[in-house]
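Listing of my_file24.pdb; format and content: PDB, C-alpha atoms.
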```pdb
MODEL        1
ATOM      1  CA  MET A   1     -12.619 -39.948  30.377
ATOM      2  CA  GLY A   2      -9.290 -38.715  29.014
ATOM      3  CA  GLU A   3      -8.795 -35.611  26.882
ATOM      4  CA  GLY A   4      -8.083 -37.748  23.818
ATOM      5  CA  ASP A   5     -11.358 -39.595  24.219
ATOM      6  CA  ASN A   6     -13.217 -36.320  24.592
ATOM      7  CA  GLN A   7     -11.693 -34.906  21.411
ATOM      8  CA  SER A   8     -12.453 -38.077  19.455
ATOM      9  CA  ARG A   9     -16.113 -37.741  20.426
ATOM     10  CA  ASN A  10     -16.186 -34.104  19.263
ATOM     11  CA  PRO A  11     -15.000 -34.101  15.630
ATOM     12  CA  ALA A  12     -16.473 -30.633  15.086
ATOM     13  CA  LYS A  13     -14.181 -29.268  17.764
ATOM     14  CA  ASN A  14     -11.178 -30.906  16.109
ATOM     15  CA  ASN A  15     -12.149 -29.592  12.687
ATOM     16  CA  SER A  16     -12.554 -26.057  13.998
ATOM     17  CA  LYS A  17      -8.921 -26.048  15.064
ATOM     18  CA  LYS A  18      -7.785 -27.163  11.617
ATOM     19  CA  ARG A  19     -10.150 -24.924   9.676
ATOM     20  CA  LYS A  20      -8.289 -22.437   7.522
ATOM     21  CA  LYS A  21      -9.010 -18.764   8.082
ATOM     22  CA  VAL A  22     -11.262 -17.458   5.332
ATOM     23  CA  SER A  23     -10.300 -14.124   3.767
ATOM     24  CA  PRO A  24     -13.334 -13.073   1.703
ATOM     25  CA  TRP A  25     -11.883  -9.646   0.841
ATOM     26  CA  GLY A  26      -8.351 -10.850   0.156
ATOM     27  CA  ASN A  27      -7.452  -9.721   3.663
ATOM     28  CA  TYR A  28      -4.728 -12.309   4.103
ATOM     29  CA  TRP A  29      -2.476 -12.305   7.140
ATOM     30  CA  ASN A  30       1.209 -12.593   6.287
ATOM     31  CA  TYR A  31       0.359 -11.689   2.688
ATOM     32  CA  TYR A  32       3.731 -10.042   2.122
ATOM     33  CA  GLY A  33       5.435 -12.957   3.858
ATOM     34  CA  TYR A  34       4.621 -15.292   0.988
ATOM     35  CA  ARG A  35       4.477 -12.644  -1.741
ATOM     36  CA  ILE A  36       7.923 -11.165  -1.037
ATOM     37  CA  GLY A  37       9.477 -13.936   1.068
ATOM     38  CA  GLN A  38      12.504 -13.713   3.311
ATOM     39  CA  ASP A  39      15.115 -13.538   0.535
ATOM     40  CA  LEU A  40      14.184 -10.048  -0.706
ATOM     41  CA  GLU A  41      14.699  -6.762   1.115
ATOM     42  CA  GLU A  42      11.843  -4.981  -0.638
ATOM     43  CA  ASP A  43       8.825  -5.671  -2.791
ATOM     44  CA  PRO A  44      10.004  -6.225  -6.422
ATOM     45  CA  ARG A  45       7.240  -3.911  -7.663
ATOM     46  CA  LEU A  46       9.085  -0.945  -6.166
ATOM     47  CA  LYS A  47      11.710  -1.336  -8.887
ATOM     48  CA  VAL A  48       9.199  -0.389 -11.593
ATOM     49  CA  PHE A  49       7.779   2.528  -9.608
ATOM     50  CA  ARG A  50       9.174   5.908 -10.597
ATOM     51  CA  LYS A  51      10.284   8.612  -8.231
ATOM     52  CA  GLU A  52       8.298  11.307 -10.033
ATOM     53  CA  TRP A  53       5.048   9.531  -9.166
ATOM     54  CA  PHE A  54       5.693   9.921  -5.442
ATOM     55  CA  GLU A  55       8.381  12.449  -4.490
ATOM     56  CA  GLY A  56       6.760  15.434  -2.792
ATOM     57  CA  LYS A  57       3.322  14.072  -3.730
ATOM     58  CA  ASP A  58       0.149  13.181  -1.821
ATOM     59  CA  CYS A  59      -0.560   9.484  -2.348
ATOM     60  CA  LEU A  60      -3.252   6.911  -1.581
ATOM     61  CA  ASP A  61      -2.774   3.124  -1.322
ATOM     62  CA  ILE A  62      -6.090   1.257  -1.725
ATOM     63  CA  GLY A  63      -6.064  -2.167  -0.066
ATOM     64  CA  CYS A  64      -2.844  -1.604   1.878
ATOM     65  CA  ASN A  65      -3.021  -4.871   3.891
ATOM     66  CA  ASN A  66      -0.448  -4.576   6.714
ATOM     67  CA  GLY A  67       1.153  -1.464   5.237
ATOM     68  CA  THR A  68       4.434  -3.024   4.116
ATOM     69  CA  ILE A  69       4.572  -1.540   0.607
ATOM     70  CA  THR A  70       2.975   1.729   1.792
ATOM     71  CA  ILE A  71       5.834   2.294   4.250
ATOM     72  CA  GLN A  72       8.472   1.212   1.732
ATOM     73  CA  ILE A  73       7.147   3.736  -0.811
ATOM     74  CA  ALA A  74       7.260   6.538   1.758
ATOM     75  CA  LYS A  75      10.853   5.727   2.692
ATOM     76  CA  LYS A  76      12.204   5.136  -0.811
ATOM     77  CA  PHE A  77      10.425   7.862  -2.777
ATOM     78  CA  LEU A  78       9.961  10.620  -0.160
ATOM     79  CA  CYS A  79       6.209  11.237  -0.499
ATOM     80  CA  ARG A  80       4.746  14.362   1.017
ATOM     81  CA  SER A  81       2.025  12.101   2.408
ATOM     82  CA  ILE A  82       0.694   8.604   1.834
ATOM     83  CA  LEU A  83      -2.523   7.158   3.258
ATOM     84  CA  GLY A  84      -3.101   3.413   3.287
ATOM     85  CA  ILE A  85      -6.681   2.164   3.547
ATOM     86  CA  ASP A  86      -7.971  -1.361   4.027
ATOM     87  CA  ILE A  87     -11.358  -2.919   4.734
ATOM     88  CA  ASP A  88      -9.928  -5.081   7.550
ATOM     89  CA  TYR A  89      -9.632  -3.245  10.879
ATOM     90  CA  ASN A  90      -7.150  -5.781  12.257
ATOM     91  CA  LEU A  91      -4.842  -5.407   9.261
ATOM     92  CA  VAL A  92      -4.922  -1.630   9.692
ATOM     93  CA  GLN A  93      -3.937  -2.091  13.335
ATOM     94  CA  ASP A  94      -1.090  -4.301  12.131
ATOM     95  CA  ALA A  95      -0.073  -1.586   9.666
ATOM     96  CA  ASP A  96       0.077   0.936  12.504
ATOM     97  CA  ARG A  97       2.336  -1.440  14.437
ATOM     98  CA  ASN A  98       4.599  -1.838  11.411
ATOM     99  CA  LEU A  99       4.763   1.944  11.076
ATOM    100  CA  ARG A 100       5.800   2.352  14.719
ATOM    101  CA  LYS A 101       8.452  -0.310  14.226
ATOM    102  CA  ALA A 102       9.762   1.429  11.084
ATOM    103  CA  VAL A 103       9.971   4.758  12.933
ATOM    104  CA  ARG A 104      11.919   3.150  15.791
ATOM    105  CA  LEU A 105      14.382   1.538  13.376
ATOM    106  CA  GLU A 106      14.760   4.777  11.448
ATOM    107  CA  SER A 107      15.350   6.796  14.629
ATOM    108  CA  SER A 108      17.976   4.386  15.956
ATOM    109  CA  ALA A 109      19.772   4.444  12.591
ATOM    110  CA  LYS A 110      19.769   8.247  12.405
ATOM    111  CA  ARG A 111      20.942   8.868  15.982
ATOM    112  CA  PRO A 112      24.623   7.885  15.661
ATOM    113  CA  ALA A 113      24.816   9.209  12.092
ATOM    114  CA  ASN A 114      23.484  12.613  13.116
ATOM    115  CA  ALA A 115      25.863  12.793  16.054
ATOM    116  CA  SER A 116      28.852  12.121  13.786
ATOM    117  CA  LYS A 117      27.598  14.678  11.270
ATOM    118  CA  LEU A 118      27.288  17.354  13.943
ATOM    119  CA  ARG A 119      30.812  16.727  15.191
ATOM    120  CA  ALA A 120      32.220  16.922  11.671
ATOM    121  CA  GLU A 121      30.289  20.077  10.710
ATOM    122  CA  ASP A 122      30.694  22.015  13.959
ATOM    123  CA  HIS A 123      34.379  21.256  14.515
ATOM    124  CA  PRO A 124      35.985  20.787  11.092
ATOM    125  CA  ASP A 125      39.505  21.438  12.398
ATOM    126  CA  GLY A 126      38.953  19.698  15.712
ATOM    127  CA  ASN A 127      39.316  23.006  17.645
ATOM    128  CA  LEU A 128      36.360  22.933  20.036
ATOM    129  CA  GLU A 129      37.435  26.058  21.912
ATOM    130  CA  GLN A 130      37.523  28.131  18.746
ATOM    131  CA  CYS A 131      34.104  26.910  17.716
ATOM    132  CA  VAL A 132      32.399  27.996  20.932
ATOM    133  CA  THR A 133      33.924  31.479  20.897
ATOM    134  CA  VAL A 134      31.368  34.008  19.737
ATOM    135  CA  SER A 135      32.167  37.557  18.692
ATOM    136  CA  SER A 136      30.664  40.147  21.022
ATOM    137  CA  ASN A 137      28.974  41.980  18.148
ATOM    138  CA  GLU A 138      27.487  38.854  16.552
ATOM    139  CA  GLU A 139      23.833  38.144  17.203
ATOM    140  CA  PRO A 140      23.032  34.514  18.073
ATOM    141  CA  LYS A 141      21.076  32.811  15.318
ATOM    142  CA  GLU A 142      17.769  31.115  16.030
ATOM    143  CA  VAL A 143      17.866  27.424  15.196
ATOM    144  CA  SER A 144      14.969  26.343  12.987
ATOM    145  CA  ARG A 145      13.050  23.325  14.187
ATOM    146  CA  GLU A 146      11.394  22.759  10.817
ATOM    147  CA  PRO A 147      12.660  19.853   8.689
ATOM    148  CA  SER A 148      15.150  21.174   6.127
ATOM    149  CA  SER A 149      14.081  18.585   3.543
ATOM    150  CA  MET A 150      11.724  15.672   2.948
ATOM    151  CA  GLU A 151      14.504  13.342   4.140
ATOM    152  CA  ASP A 152      14.478  14.972   7.597
ATOM    153  CA  ARG A 153      10.792  14.273   8.199
ATOM    154  CA  ASN A 154       9.558  11.588  10.540
ATOM    155  CA  LEU A 155       7.583   8.741   8.962
ATOM    156  CA  PHE A 156       4.717   9.572  11.336
ATOM    157  CA  ASP A 157       4.415  12.905   9.476
ATOM    158  CA  ILE A 158       4.137  11.141   6.128
ATOM    159  CA  VAL A 159       2.380   7.779   6.557
ATOM    160  CA  SER A 160      -1.075   7.086   8.000
ATOM    161  CA  PHE A 161      -3.569   4.230   7.878
ATOM    162  CA  GLN A 162      -7.313   3.966   8.256
ATOM    163  CA  THR A 163     -10.076   1.401   7.921
ATOM    164  CA  ASP A 164     -12.228   2.129   4.893
ATOM    165  CA  ASN A 165     -14.180   0.440   2.124
ATOM    166  CA  ILE A 166     -13.541   2.371  -1.065
ATOM    167  CA  VAL A 167     -16.687   0.936  -2.692
ATOM    168  CA  LYS A 168     -19.112   1.568   0.159
ATOM    169  CA  SER A 169     -17.857   4.977   1.311
ATOM    170  CA  HIS A 170     -20.800   7.313   0.759
ATOM    171  CA  HIS A 171     -19.113  10.616   1.613
ATOM    172  CA  SER A 172     -17.762  12.704  -1.235
ATOM    173  CA  PRO A 173     -13.970  12.615  -0.925
ATOM    174  CA  GLU A 174     -12.626  16.131  -0.387
ATOM    175  CA  LYS A 175      -8.999  15.065  -0.424
ATOM    176  CA  ARG A 176      -7.274  15.001  -3.797
ATOM    177  CA  TYR A 177      -4.235  12.856  -4.537
ATOM    178  CA  ASP A 178      -1.368  13.027  -7.011
ATOM    179  CA  THR A 179      -0.922   9.242  -7.111
ATOM    180  CA  ILE A 180      -3.299   6.384  -6.247
ATOM    181  CA  LEU A 181      -2.251   2.736  -6.056
ATOM    182  CA  CYS A 182      -4.568  -0.243  -6.354
ATOM    183  CA  MET A 183      -2.417  -3.363  -6.224
ATOM    184  CA  SER A 184      -4.060  -6.801  -6.489
ATOM    185  CA  VAL A 185      -7.426  -5.505  -5.260
ATOM    186  CA  THR A 186      -9.770  -5.488  -8.280
ATOM    187  CA  LYS A 187     -10.536  -9.224  -8.104
ATOM    188  CA  TRP A 188     -11.778  -8.926  -4.522
ATOM    189  CA  ILE A 189     -13.926  -5.926  -5.362
ATOM    190  CA  GLN A 190     -15.608  -7.777  -8.229
ATOM    191  CA  LEU A 191     -16.082 -10.991  -6.243
ATOM    192  CA  ASN A 192     -17.725  -9.061  -3.390
ATOM    193  CA  TRP A 193     -19.543  -6.207  -5.178
ATOM    194  CA  GLY A 194     -19.632  -7.306  -8.803
ATOM    195  CA  ASP A 195     -19.038  -5.148 -11.845
ATOM    196  CA  ASP A 196     -20.879  -2.254 -10.177
ATOM    197  CA  GLY A 197     -18.253  -2.241  -7.434
ATOM    198  CA  LEU A 198     -15.442  -2.190  -9.983
ATOM    199  CA  LEU A 199     -16.974   0.754 -11.852
ATOM    200  CA  LYS A 200     -17.418   2.635  -8.556
ATOM    201  CA  LEU A 201     -13.755   2.044  -7.740
ATOM    202  CA  PHE A 202     -12.603   3.375 -11.112
ATOM    203  CA  ALA A 203     -14.936   6.394 -10.992
ATOM    204  CA  LYS A 204     -13.934   7.332  -7.434
ATOM    205  CA  THR A 205     -10.265   6.966  -8.271
ATOM    206  CA  TRP A 206     -10.603   9.343 -11.205
ATOM    207  CA  LYS A 207     -12.464  11.904  -9.060
ATOM    208  CA  MET A 208      -9.912  11.718  -6.234
ATOM    209  CA  LEU A 209      -6.951  12.314  -8.545
ATOM    210  CA  GLN A 210      -5.537  15.743  -9.255
ATOM    211  CA  PRO A 211      -5.385  16.725 -12.947
ATOM    212  CA  GLY A 212      -2.334  14.988 -14.350
ATOM    213  CA  GLY A 213      -2.456  12.463 -11.502
ATOM    214  CA  VAL A 214      -1.289   8.854 -11.747
ATOM    215  CA  PHE A 215      -3.301   5.679 -11.119
ATOM    216  CA  VAL A 216      -1.110   2.588 -10.655
ATOM    217  CA  LEU A 217      -3.185  -0.565 -11.169
ATOM    218  CA  GLU A 218      -2.173  -4.197 -10.705
ATOM    219  CA  PRO A 219      -5.157  -6.375 -11.731
ATOM    220  CA  GLN A 220      -5.235 -10.073 -10.946
ATOM    221  CA  PRO A 221      -5.621 -12.422 -13.962
ATOM    222  CA  TRP A 222      -8.923 -14.162 -14.616
ATOM    223  CA  LYS A 223      -7.472 -17.525 -13.566
ATOM    224  CA  SER A 224      -7.043 -16.054 -10.086
ATOM    225  CA  TYR A 225     -10.791 -15.327  -9.968
ATOM    226  CA  GLU A 226     -11.518 -18.960 -10.672
ATOM    227  CA  ASN A 227      -9.300 -20.030  -7.789
ATOM    228  CA  SER A 228     -10.991 -17.638  -5.327
ATOM    229  CA  ARG A 229     -14.653 -17.843  -6.325
ATOM    230  CA  GLY A 230     -15.471 -20.293  -3.526
ATOM    231  CA  VAL A 231     -14.422 -18.126  -0.577
ATOM    232  CA  SER A 232     -18.044 -17.144   0.047
ATOM    233  CA  GLU A 233     -21.538 -17.570  -1.349
ATOM    234  CA  THR A 234     -21.480 -13.950  -2.483
ATOM    235  CA  SER A 235     -18.250 -14.399  -4.394
ATOM    236  CA  ALA A 236     -19.588 -17.520  -6.119
ATOM    237  CA  ILE A 237     -22.697 -15.629  -7.301
ATOM    238  CA  ASN A 238     -20.770 -12.551  -8.420
ATOM    239  CA  TYR A 239     -18.197 -14.659 -10.245
ATOM    240  CA  ARG A 240     -20.879 -16.104 -12.485
ATOM    241  CA  ASN A 241     -22.189 -12.625 -13.339
ATOM    242  CA  ILE A 242     -18.931 -10.804 -14.059
ATOM    243  CA  MET A 243     -18.925  -9.193 -17.512
ATOM    244  CA  PHE A 244     -15.824  -7.011 -17.188
ATOM    245  CA  ARG A 245     -12.829  -9.314 -17.166
ATOM    246  CA  PRO A 246      -9.349  -7.880 -16.458
ATOM    247  CA  GLU A 247      -8.440  -7.634 -20.154
ATOM    248  CA  LYS A 248     -11.241  -5.037 -20.519
ATOM    249  CA  PHE A 249     -10.005  -2.740 -17.732
ATOM    250  CA  GLN A 250      -7.838  -0.591 -20.020
ATOM    251  CA  GLU A 251     -10.744   0.078 -22.359
ATOM    252  CA  ILE A 252     -13.051   0.978 -19.453
ATOM    253  CA  LEU A 253     -10.549   3.335 -17.819
ATOM    254  CA  LEU A 254      -9.611   5.096 -21.054
ATOM    255  CA  ASP A 255     -12.918   5.201 -22.953
ATOM    256  CA  LYS A 256     -15.510   5.218 -20.167
ATOM    257  CA  VAL A 257     -13.845   6.742 -17.093
ATOM    258  CA  GLY A 258     -11.730   9.347 -18.858
ATOM    259  CA  PHE A 259      -8.051   8.618 -18.267
ATOM    260  CA  ARG A 260      -5.881  10.054 -21.043
ATOM    261  CA  THR A 261      -3.033   7.540 -21.354
ATOM    262  CA  VAL A 262      -1.870   4.151 -20.109
ATOM    263  CA  GLU A 263       1.625   2.663 -19.841
ATOM    264  CA  ASP A 264       2.363  -1.005 -19.206
ATOM    265  CA  VAL A 265       5.535  -1.259 -17.079
ATOM    266  CA  THR A 266       5.232  -5.015 -16.530
ATOM    267  CA  SER A 267       8.287  -5.818 -18.660
ATOM    268  CA  GLU A 268      10.501  -4.020 -16.126
ATOM    269  CA  LEU A 269       9.421  -6.376 -13.327
ATOM    270  CA  SER A 270      11.878  -9.000 -12.116
ATOM    271  CA  ARG A 271      12.187 -11.561  -9.323
ATOM    272  CA  THR A 272       8.438 -11.840  -8.802
ATOM    273  CA  LYS A 273       7.282 -15.033  -7.155
ATOM    274  CA  THR A 274       5.391 -17.682  -9.109
ATOM    275  CA  GLY A 275       1.710 -16.759  -9.187
ATOM    276  CA  PHE A 276       2.403 -13.043  -8.716
ATOM    277  CA  ASP A 277       3.647 -12.166 -12.195
ATOM    278  CA  ARG A 278       0.826  -9.704 -12.762
ATOM    279  CA  PRO A 279       0.621  -6.674 -15.066
ATOM    280  CA  VAL A 280       1.319  -3.214 -13.642
ATOM    281  CA  LEU A 281      -0.523  -0.510 -15.578
ATOM    282  CA  VAL A 282      -0.046   3.240 -15.108
ATOM    283  CA  PHE A 283      -2.931   5.523 -16.112
ATOM    284  CA  LYS A 284      -2.700   9.307 -16.258
ATOM    285  CA  LYS A 285      -5.614  11.654 -15.738
TER     286      LYS A 285
ENDMDL
END
```
Whole structure given in structure tokens:
Amino acid sequence: MGEGDNQSRNPAKNNSKKRKKVSPWGNYWNYYGYRIGQDLEEDPRLKVFRKEWFEGKDCLDIGCNNGTITIQIAKKFLCRSILGIDIDYNLVQDADRNLRKAVRLESSAKRPANASKLRAEDHPDGNLEQCVTVSSNEEPKEVSREPSSMEDRNLFDIVSFQTDNIVKSHHSPEKRYDTILCMSVTKWIQLNWGDDGLLKLFAKTWKMLQPGGVFVLEPQPWKSYENSRGVSETSAINYRNIMFRPEKFQEILLDKVGFRTVEDVTSELSRTKTGFDRPVLVFKK
């Protein structure tokens, strides 16, 4: 019997090869591949992010996927630290790989630039002999090995990733953050853990923020819930029981959770792909 005959007698085997990978938590592979595409250098959402939310700040990215936007934020806005968490262990491993790749690219780019800078600073007049002559009564200065600025730090010192479920984590978070991001995550929390899961997310976010901290939220529209309700039996059940639709999130966060203000920066967004033109809301504690 040939291989073709064998496959024709085993339709289940054939179907298993064609079966699309299910992502019940929104844990899509190549998510940024189709969200950003190949024609853009960075995620368009970075253009509405403000430097003061991140520069010198401790940040948390909830639902970081493969870490693409987490790493871009660290590089562009010079965070003191940024932790990306995701429920999918394999995506977190992928994020670690992307971080190592970013560090390699950054190191290779800095190497020739630093060498040129040293030559220009140490020998401004091109007289090498004069530069290496040291006065007998001058004490040699100790060279500091500490980074002189945030720009001199290695990405490994700034960015980290870990597997975590923000809803199911039972430990009381000791770490406090200046900025927390939650981008296109709320739908998956409600479809998997219902309104209770959403309220836990909002309450934990408020507790983990420093006074005056910033919560950057990108909720998916209700139509997106309808399109994703069939990914699992749980999501189908939770979808039918959802009371807090995305248009109510502002009211919940301001009146129930305790955030002081909200700013909608959606109008500043540009070049977003069709299907990803979602609101970006900034809440302050």
| query | How many Å separate atom CA of A:Ile73 from atom CA of A:Arg97? | reply |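 These two atoms are separated by 16.8 Å.
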*Please evaluate the PyMOL selection byres ((chain A and resi 44-58) around 6) against the displayed coordinates and give the resulting residues as a PyMOL selection string.*
chain A and resi 43+59+77-82+177-178+268
Using only C-alpha atoms, please write the residues we just selected to a file, as a tab-separated table (two decimals), in the frame of the given file.
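Saved result, selection-v5.tsv, follows:
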```tsv
chain	number	residue	atom	x	y	z
A	43	ASP	CA	8.82	-5.67	-2.79
A	59	CYS	CA	-0.56	9.48	-2.35
A	77	PHE	CA	10.42	7.86	-2.78
A	78	LEU	CA	9.96	10.62	-0.16
A	79	CYS	CA	6.21	11.24	-0.50
A	80	ARG	CA	4.75	14.36	1.02
A	81	SER	CA	2.02	12.10	2.41
A	82	ILE	CA	0.69	8.60	1.83
A	177	TYR	CA	-4.24	12.86	-4.54
A	178	ASP	CA	-1.37	13.03	-7.01
A	268	GLU	CA	10.50	-4.02	-16.13
```
Would you mind listing what lies within 12 Å of stretch 163-170 of chain A as a VMD selection string, with all atoms listed in the file counted and same-chain residues fewer than 5 positions away left out? chain A and resid 25 60 to 67 83 to 96 182 185 to 186 188 to 190 192 to 205 208
re atom CA of A:Trp222 and atom CA of A:Met183: distance 15.1 Å
Legend entry - Point-to-point distance in Å for atom CA of A:Thr234 and atom CA of A:Lys248: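 Separating atom CA of A:Lys248 from atom CA of A:Thr234 is a distance of 22.6 Å.
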From the set A:Ser160, A:Asn241, A:Asp255, A:Val280, which residue has the shortest atom-to-atom contact distance to A:Ser267, counting only C-alpha atoms?
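Ranked by minimum distance to A:Ser267, first place goes to A:Val280.
For A:Glu226, the residues within 12 Å (counting all atoms listed in the file, excluding itself and residues fewer than 3 positions away along the chain) are Lys187, Trp188, Leu191, Gln220, Pro221, Trp222, Lys223, Arg229, Gly230, Val231, Ser235, Ala236, Asn238, Tyr239, Arg240, Ile242 and Arg245 of chain A.
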Got time to write the residues from that selection, C-alpha atoms, as a short mmCIF file (atom, residue, chain, number, x, y, z; two decimals), in the frame of the given file?
```
data_model
loop_
_atom_site.label_atom_id
_atom_site.label_comp_id
_atom_site.auth_asym_id
_atom_site.auth_seq_id
_atom_site.Cartn_x
_atom_site.Cartn_y
_atom_site.Cartn_z
CA LYS A 187 -10.54 -9.22 -8.10
CA TRP A 188 -11.78 -8.93 -4.52
CA LEU A 191 -16.08 -10.99 -6.24
CA GLN A 220 -5.24 -10.07 -10.95
CA PRO A 221 -5.62 -12.42 -13.96
CA TRP A 222 -8.92 -14.16 -14.62
CA LYS A 223 -7.47 -17.52 -13.57
CA ARG A 229 -14.65 -17.84 -6.32
CA GLY A 230 -15.47 -20.29 -3.53
CA VAL A 231 -14.42 -18.13 -0.58
CA SER A 235 -18.25 -14.40 -4.39
CA ALA A 236 -19.59 -17.52 -6.12
CA ASN A 238 -20.77 -12.55 -8.42
CA TYR A 239 -18.20 -14.66 -10.24
CA ARG A 240 -20.88 -16.10 -12.48
CA ILE A 242 -18.93 -10.80 -14.06
CA ARG A 245 -12.83 -9.31 -17.17
#
```
Could you list, as number ranges by chain, every residue matched by the PyMOL selection byres ((chain A and resi 157) around 12) in this structure? A: 71, 74-75, 78-83, 99-100, 103, 147, 150-156, 158-161
On this structure, which residues satisfy the PyMOL selection byres ((chain A and resi 253) around 12), written as a PDB file with C-alpha atoms, in the frame of the given file?
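After the write, expr.pdb holds the following:
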```
ATOM      1  CA  LEU A 198     -15.442  -2.190  -9.983  1.00  0.00           C
ATOM      2  CA  LEU A 199     -16.974   0.754 -11.852  1.00  0.00           C
ATOM      3  CA  LYS A 200     -17.418   2.635  -8.556  1.00  0.00           C
ATOM      4  CA  LEU A 201     -13.755   2.044  -7.740  1.00  0.00           C
ATOM      5  CA  PHE A 202     -12.603   3.375 -11.112  1.00  0.00           C
ATOM      6  CA  ALA A 203     -14.936   6.394 -10.992  1.00  0.00           C
ATOM      7  CA  LYS A 204     -13.934   7.332  -7.434  1.00  0.00           C
ATOM      8  CA  THR A 205     -10.265   6.966  -8.271  1.00  0.00           C
ATOM      9  CA  TRP A 206     -10.603   9.343 -11.205  1.00  0.00           C
ATOM     10  CA  PHE A 215      -3.301   5.679 -11.119  1.00  0.00           C
ATOM     11  CA  VAL A 216      -1.110   2.588 -10.655  1.00  0.00           C
ATOM     12  CA  LEU A 217      -3.185  -0.565 -11.169  1.00  0.00           C
ATOM     13  CA  PHE A 244     -15.824  -7.011 -17.188  1.00  0.00           C
ATOM     14  CA  PRO A 246      -9.349  -7.880 -16.458  1.00  0.00           C
ATOM     15  CA  GLU A 247      -8.440  -7.634 -20.154  1.00  0.00           C
ATOM     16  CA  LYS A 248     -11.241  -5.037 -20.519  1.00  0.00           C
ATOM     17  CA  PHE A 249     -10.005  -2.740 -17.732  1.00  0.00           C
ATOM     18  CA  GLN A 250      -7.838  -0.591 -20.020  1.00  0.00           C
ATOM     19  CA  GLU A 251     -10.744   0.078 -22.359  1.00  0.00           C
ATOM     20  CA  ILE A 252     -13.051   0.978 -19.453  1.00  0.00           C
ATOM     21  CA  LEU A 254      -9.611   5.096 -21.054  1.00  0.00           C
ATOM     22  CA  ASP A 255     -12.918   5.201 -22.953  1.00  0.00           C
ATOM     23  CA  LYS A 256     -15.510   5.218 -20.167  1.00  0.00           C
ATOM     24  CA  VAL A 257     -13.845   6.742 -17.093  1.00  0.00           C
ATOM     25  CA  GLY A 258     -11.730   9.347 -18.858  1.00  0.00           C
ATOM     26  CA  PHE A 259      -8.051   8.618 -18.267  1.00  0.00           C
ATOM     27  CA  ARG A 260      -5.881  10.054 -21.043  1.00  0.00           C
ATOM     28  CA  THR A 261      -3.033   7.540 -21.354  1.00  0.00           C
ATOM     29  CA  VAL A 262      -1.870   4.151 -20.109  1.00  0.00           C
ATOM     30  CA  LEU A 281      -0.523  -0.510 -15.578  1.00  0.00           C
ATOM     31  CA  VAL A 282      -0.046   3.240 -15.108  1.00  0.00           C
ATOM     32  CA  PHE A 283      -2.931   5.523 -16.112  1.00  0.00           C
ATOM     33  CA  LYS A 284      -2.700   9.307 -16.258  1.00  0.00           C
ATOM     34  CA  LYS A 285      -5.614  11.654 -15.738  1.00  0.00           C
TER      35      LYS A 285
END
```
Atoms are missing here; could stretch 243-255 of chain A be completed with N, CA and C atoms and written as a JSON list (two decimals), keeping the file's coordinate frame?
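The resulting file, selection_16.json, is reproduced below:
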```
[["chain", "number", "residue", "atom", "x", "y", "z"],
["A", 243, "MET", "N", -19.02, -9.47, -16.08],
["A", 243, "MET", "CA", -18.92, -9.19, -17.51],
["A", 243, "MET", "C", -17.59, -8.54, -17.87],
["A", 244, "PHE", "N", -17.05, -7.76, -16.92],
["A", 244, "PHE", "CA", -15.82, -7.01, -17.19],
["A", 244, "PHE", "C", -14.61, -7.78, -16.67],
["A", 245, "ARG", "N", -14.03, -8.57, -17.54],
["A", 245, "ARG", "CA", -12.83, -9.31, -17.17],
["A", 245, "ARG", "C", -11.61, -8.39, -17.21],
["A", 246, "PRO", "N", -10.52, -8.77, -16.57],
["A", 246, "PRO", "CA", -9.35, -7.88, -16.46],
["A", 246, "PRO", "C", -8.83, -7.34, -17.79],
["A", 247, "GLU", "N", -8.94, -8.11, -18.86],
["A", 247, "GLU", "CA", -8.44, -7.63, -20.15],
["A", 247, "GLU", "C", -9.25, -6.45, -20.69],
["A", 248, "LYS", "N", -10.42, -6.17, -20.09],
["A", 248, "LYS", "CA", -11.24, -5.04, -20.52],
["A", 248, "LYS", "C", -10.99, -3.77, -19.70],
["A", 249, "PHE", "N", -10.17, -3.88, -18.63],
["A", 249, "PHE", "CA", -10.01, -2.74, -17.73],
["A", 249, "PHE", "C", -9.43, -1.51, -18.44],
["A", 250, "GLN", "N", -8.44, -1.73, -19.32],
["A", 250, "GLN", "CA", -7.84, -0.59, -20.02],
["A", 250, "GLN", "C", -8.88, 0.18, -20.81],
["A", 251, "GLU", "N", -9.71, -0.55, -21.55],
["A", 251, "GLU", "CA", -10.74, 0.08, -22.36],
["A", 251, "GLU", "C", -11.72, 0.87, -21.49],
["A", 252, "ILE", "N", -12.11, 0.30, -20.35],
["A", 252, "ILE", "CA", -13.05, 0.98, -19.45],
["A", 252, "ILE", "C", -12.43, 2.26, -18.91],
["A", 253, "LEU", "N", -11.19, 2.18, -18.45],
["A", 253, "LEU", "CA", -10.55, 3.34, -17.82],
["A", 253, "LEU", "C", -10.26, 4.45, -18.82],
["A", 254, "LEU", "N", -9.93, 4.09, -20.05],
["A", 254, "LEU", "CA", -9.61, 5.10, -21.05],
["A", 254, "LEU", "C", -10.86, 5.65, -21.73],
["A", 255, "ASP", "N", -11.76, 4.77, -22.15],
["A", 255, "ASP", "CA", -12.92, 5.20, -22.95],
["A", 255, "ASP", "C", -14.13, 5.59, -22.12]]
```
